[in-house]
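Trainee: Take this structure first; my questions come after.
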Amino acid sequence: MSNPSVIYRAKTACKRKMQEGTVISFTTVNHPSEGFGAGPFIIGLIELQDGNRVMGQMRIPANCTLRIGQKVLPRMQLLRTNAQGLRIYDVVYELAVSQPLTVEQKLEFPGYIVALYGPSGVGKSTVSRLLTTVLGDYVENVPIVTTRRKKRGDEGEYNHTSTTEFTRMQKEQKIIAATQIPSHSEKRWYGYQEKDIQAIWDKGKIPVVITEQHLLQGLSAYYGRRSILSFGLLPPGRSRRAMLSQLLHRLRSRGRDTERHIQDRMKNAERDLDFFEERSELFDHILVNEDLDVVLETLKGHVLGTEQP
């Protein structure tokens with residue numbers, strides 16, 4: 001198990017580095033370590049706004065020249081992939097000349113959906129709410145139509161309906177992706193309506209959906225795989241058992257479900273973890289949801305077009 005003090009120091013260092021800064025010096029590394037790609041990259045010494053100095057990888061936009069004294073902005077970026085296939089992200093510094101895409105520019109790319117996938121308790125709803133809060137001008141959550149009974153903490157995430165009405169909407173092809181999640185106590189259907197997604201596109205925004213296996217496959221089949229930018233969220237843990245233990249702790253801590261419902265969710269979580277490997281082609285990025293700030297900054301980078309693929 002990782003040392004808690006080491007984890008705390010790593011998180012603190014990452015947050016401290018997320019400041020604007022000034023280039024003090026820089027150098028080019030021609031022989032990067034294994035996993036960092038074949039080409040050279042630039043390492044800069046940056047003086048941050050609080051007066052501290054840090055070393056960081058530089059990102060130079062096309063047709064720009066790096067000079068000492070230039071201002072840089074922090075970005076979360078995929079740096080490498082380790083031997084286990086996990087993507088490693090860290091702060092890089094970009095010259096303060098590029099601008100995020102505007103809403104008007106994004107209108108040139110209709111049909112784009114951000115999908116969040118992961119087992120119960122991994123934090124999909126929390127990440128979705130935070131993303132749409134900080135990027136409200138660009139993205140909007142798509143409500144989930146469900147036959148599930150209302151629960152404390154739903155917070156407007158669902159449109160509740162009856163099983164009869166849900167079936168009718170399916171027959172009329174108003175629901176374009178649907179799933180039934182196993183439960184001891186009730187038959188719970190979940191789905192997305194085409195009109196809800198289209199309404200968000202009509203506003204010039206990007207729809208954000210929370211998915212599971214059948215919903216993700218259904219949306220990919222209906223709109224085409226290239227229309228879905230999918231993010232898989234994993235709990236922290238070096239082993240499958242450790243990740244499941246984290247999920248169990250989170251589910252019990254939030255106090256929304258009975259113990260029997262929690263056991264149902266844990267069984268489903270095991271299938272969700274298998275799905276990452278069985279259908280890896282459905283995922284563009286896999287993120288470990290250990291630090292919400294890091295996950296959110298990574299998602300923001302992809303949505304705003306400032307994150308490298």
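Residue numbering restarts at 1 in every chain; chains get A, B, ... in the order shown in the structure tokens, and ligands count up from 1 in that same order.
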Report as a ChimeraX atom specification all protein, DNA and RNA residues lying within 8 Å of Arg59 (chain A), evaluated on only C-alpha atoms, omitting residues in the same chain fewer than 5 positions from it.
Mentor: /A:42,92-95
Trainee: Just to be explicit: take each residue in the selection above, keep N, CA and C atoms, and write the result as an mmCIF file, in the first residue's frame.
Mentor:
```cif
data_model
loop_
_atom_site.group_PDB
_atom_site.id
_atom_site.type_symbol
_atom_site.label_atom_id
_atom_site.label_comp_id
_atom_site.auth_asym_id
_atom_site.auth_seq_id
_atom_site.Cartn_x
_atom_site.Cartn_y
_atom_site.Cartn_z
ATOM 1 N N ILE A 42 11.307 19.557 -24.446
ATOM 2 C CA ILE A 42 11.950 20.681 -23.766
ATOM 3 C C ILE A 42 11.551 20.701 -22.296
ATOM 4 N N VAL A 92 2.256 20.253 -17.477
ATOM 5 C CA VAL A 92 3.219 20.802 -18.437
ATOM 6 C C VAL A 92 2.922 22.289 -18.557
ATOM 7 N N TYR A 93 3.871 23.025 -19.137
ATOM 8 C CA TYR A 93 3.701 24.481 -19.245
ATOM 9 C C TYR A 93 3.691 24.885 -20.718
ATOM 10 N N GLU A 94 2.648 25.633 -21.087
ATOM 11 C CA GLU A 94 2.425 26.033 -22.469
ATOM 12 C C GLU A 94 2.579 27.543 -22.598
ATOM 13 N N LEU A 95 3.226 27.981 -23.667
ATOM 14 C CA LEU A 95 3.359 29.421 -23.906
ATOM 15 C C LEU A 95 1.986 30.077 -23.913
#
```
Trainee: Report as an MDAnalysis selection string: the residues of region 91-307 of chain A with a DSSP assignment of strand (DSSP E or B), based on the backbone of this structure.
Mentor: chainID A and resid 91:95 113:117 139:141 144:146 158:160 175:181 188:193 206:211 228:234 285:288
Trainee: I'd like the contact shell of Thr28 (chain A) - 9 Å cut-off, only C-alpha atoms, skipping same-chain residues fewer than 4 positions apart - returned as a list in words.
Mentor: Pro40, Phe41, Ile42, Ile43 and Gly44 of chain A
Trainee: Those same residues - N, CA, C and O atoms - I'd like them written as a PDB file, in the first residue's frame.
Mentor:
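Generated output (selection-v1.pdb):
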```pdb
ATOM      1  N   PRO A  40      12.638  14.383 -29.143  1.00  0.00           N
ATOM      2  CA  PRO A  40      13.127  15.231 -28.043  1.00  0.00           C
ATOM      3  C   PRO A  40      11.999  16.066 -27.444  1.00  0.00           C
ATOM      4  O   PRO A  40      10.972  16.293 -28.077  1.00  0.00           O
ATOM      5  N   PHE A  41      12.180  16.514 -26.213  1.00  0.00           N
ATOM      6  CA  PHE A  41      11.225  17.448 -25.620  1.00  0.00           C
ATOM      7  C   PHE A  41      11.989  18.461 -24.782  1.00  0.00           C
ATOM      8  O   PHE A  41      13.174  18.279 -24.469  1.00  0.00           O
ATOM      9  N   ILE A  42      11.307  19.557 -24.446  1.00  0.00           N
ATOM     10  CA  ILE A  42      11.950  20.681 -23.766  1.00  0.00           C
ATOM     11  C   ILE A  42      11.551  20.701 -22.296  1.00  0.00           C
ATOM     12  O   ILE A  42      10.373  20.575 -21.956  1.00  0.00           O
ATOM     13  N   ILE A  43      12.547  20.852 -21.430  1.00  0.00           N
ATOM     14  CA  ILE A  43      12.327  20.995 -19.990  1.00  0.00           C
ATOM     15  C   ILE A  43      12.662  22.434 -19.607  1.00  0.00           C
ATOM     16  O   ILE A  43      13.723  22.958 -19.966  1.00  0.00           O
ATOM     17  N   GLY A  44      11.745  23.088 -18.887  1.00  0.00           N
ATOM     18  CA  GLY A  44      11.972  24.474 -18.495  1.00  0.00           C
ATOM     19  C   GLY A  44      12.025  24.652 -16.992  1.00  0.00           C
ATOM     20  O   GLY A  44      11.432  23.866 -16.239  1.00  0.00           O
TER      21      GLY A  44
END
```
Trainee: If you count only C-alpha atoms, which residues fall within 9 Å of region 189-201 of chain A, apart from same-chain ones fewer than 6 positions away, as JSON, numbers by chain?
Mentor: {"A": [107, 110, 111, 112, 113, 139, 140, 141, 142, 143, 144, 145, 146, 147, 148, 163, 166, 169, 173, 174, 175, 176, 177, 178, 179, 180, 181, 207, 208, 209, 215, 219]}
Trainee: Keeping N, CA and C atoms, export the residues of the selection given above as a short mmCIF file (atom, residue, chain, number, x, y, z; two decimals), in the first residue's frame.
Mentor:
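Final output, saved to part19.cif:
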```cif
data_model
loop_
_atom_site.label_atom_id
_atom_site.label_comp_id
_atom_site.auth_asym_id
_atom_site.auth_seq_id
_atom_site.Cartn_x
_atom_site.Cartn_y
_atom_site.Cartn_z
N LEU A 107 -19.00 24.99 -32.72
CA LEU A 107 -20.18 24.72 -33.53
C LEU A 107 -19.81 24.08 -34.87
N PRO A 110 -20.32 19.38 -34.85
CA PRO A 110 -21.53 18.84 -34.24
C PRO A 110 -21.44 17.32 -34.06
N GLY A 111 -22.26 16.79 -33.19
CA GLY A 111 -22.32 15.34 -33.02
C GLY A 111 -21.33 14.77 -32.05
N TYR A 112 -20.72 15.62 -31.24
CA TYR A 112 -19.67 15.20 -30.31
C TYR A 112 -20.25 14.99 -28.92
N ILE A 113 -19.99 13.82 -28.30
CA ILE A 113 -20.53 13.50 -26.98
C ILE A 113 -19.38 13.08 -26.07
N VAL A 139 -20.29 22.68 -22.01
CA VAL A 139 -20.86 21.34 -21.86
C VAL A 139 -22.12 21.37 -20.99
N GLU A 140 -22.94 20.33 -21.13
CA GLU A 140 -24.16 20.21 -20.33
C GLU A 140 -24.49 18.74 -20.14
N ASN A 141 -24.92 18.39 -18.94
CA ASN A 141 -25.30 17.01 -18.64
C ASN A 141 -26.59 16.62 -19.35
N VAL A 142 -26.64 15.39 -19.85
CA VAL A 142 -27.85 14.84 -20.43
C VAL A 142 -28.59 14.07 -19.33
N PRO A 143 -29.87 14.39 -19.06
CA PRO A 143 -30.60 13.67 -18.01
C PRO A 143 -30.82 12.20 -18.39
N ILE A 144 -30.72 11.32 -17.40
CA ILE A 144 -30.95 9.89 -17.61
C ILE A 144 -32.42 9.59 -17.32
N VAL A 145 -33.09 8.97 -18.27
CA VAL A 145 -34.46 8.51 -18.04
C VAL A 145 -34.40 7.18 -17.30
N THR A 146 -35.12 7.05 -16.20
CA THR A 146 -35.03 5.82 -15.41
C THR A 146 -36.37 5.46 -14.77
N THR A 147 -36.55 4.17 -14.53
CA THR A 147 -37.72 3.68 -13.81
C THR A 147 -37.40 3.48 -12.33
N ARG A 148 -36.17 3.77 -11.96
CA ARG A 148 -35.74 3.60 -10.57
C ARG A 148 -36.47 4.56 -9.64
N THR A 163 -42.27 2.02 -15.73
CA THR A 163 -41.79 0.98 -16.64
C THR A 163 -42.62 0.98 -17.93
N PHE A 166 -41.55 3.90 -20.06
CA PHE A 166 -40.22 3.65 -20.59
C PHE A 166 -40.29 2.70 -21.78
N MET A 169 -41.62 4.50 -24.85
CA MET A 169 -40.62 5.35 -25.49
C MET A 169 -39.60 4.52 -26.27
N GLN A 173 -38.89 4.47 -30.39
CA GLN A 173 -37.49 4.80 -30.71
C GLN A 173 -37.09 6.19 -30.24
N LYS A 174 -37.74 6.64 -29.17
CA LYS A 174 -37.35 7.91 -28.57
C LYS A 174 -36.13 7.70 -27.67
N ILE A 175 -36.03 6.51 -27.08
CA ILE A 175 -34.86 6.15 -26.29
C ILE A 175 -33.91 5.39 -27.19
N ILE A 176 -32.70 5.92 -27.36
CA ILE A 176 -31.76 5.37 -28.34
C ILE A 176 -30.70 4.47 -27.72
N ALA A 177 -30.59 4.47 -26.40
CA ALA A 177 -29.67 3.58 -25.69
C ALA A 177 -30.30 3.28 -24.34
N ALA A 178 -30.40 2.00 -24.01
CA ALA A 178 -31.09 1.60 -22.78
C ALA A 178 -30.37 0.42 -22.14
N THR A 179 -30.57 0.28 -20.84
CA THR A 179 -30.00 -0.86 -20.11
C THR A 179 -30.86 -1.17 -18.91
N GLN A 180 -30.83 -2.42 -18.49
CA GLN A 180 -31.49 -2.84 -17.26
C GLN A 180 -30.41 -3.34 -16.32
N ILE A 181 -30.26 -2.66 -15.20
CA ILE A 181 -29.21 -3.02 -14.25
C ILE A 181 -29.78 -3.96 -13.19
N PRO A 207 -22.83 17.49 -25.17
CA PRO A 207 -23.54 16.67 -24.18
C PRO A 207 -22.56 15.80 -23.39
N VAL A 208 -22.82 15.67 -22.09
CA VAL A 208 -22.04 14.80 -21.23
C VAL A 208 -22.98 13.71 -20.70
N VAL A 209 -22.62 12.44 -20.93
CA VAL A 209 -23.45 11.33 -20.50
C VAL A 209 -22.69 10.44 -19.53
N LEU A 215 -25.25 1.12 -22.32
CA LEU A 215 -25.47 2.50 -22.73
C LEU A 215 -24.34 2.99 -23.62
N LEU A 219 -24.98 4.01 -27.51
CA LEU A 219 -24.69 5.35 -28.04
C LEU A 219 -23.66 5.28 -29.17
#
```
Trainee: CA of Phe26 (chain A) and CA of His302 (chain A) are how many Å apart?
Mentor: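 Rounded to one decimal, the two atoms are 26.3 Å apart.
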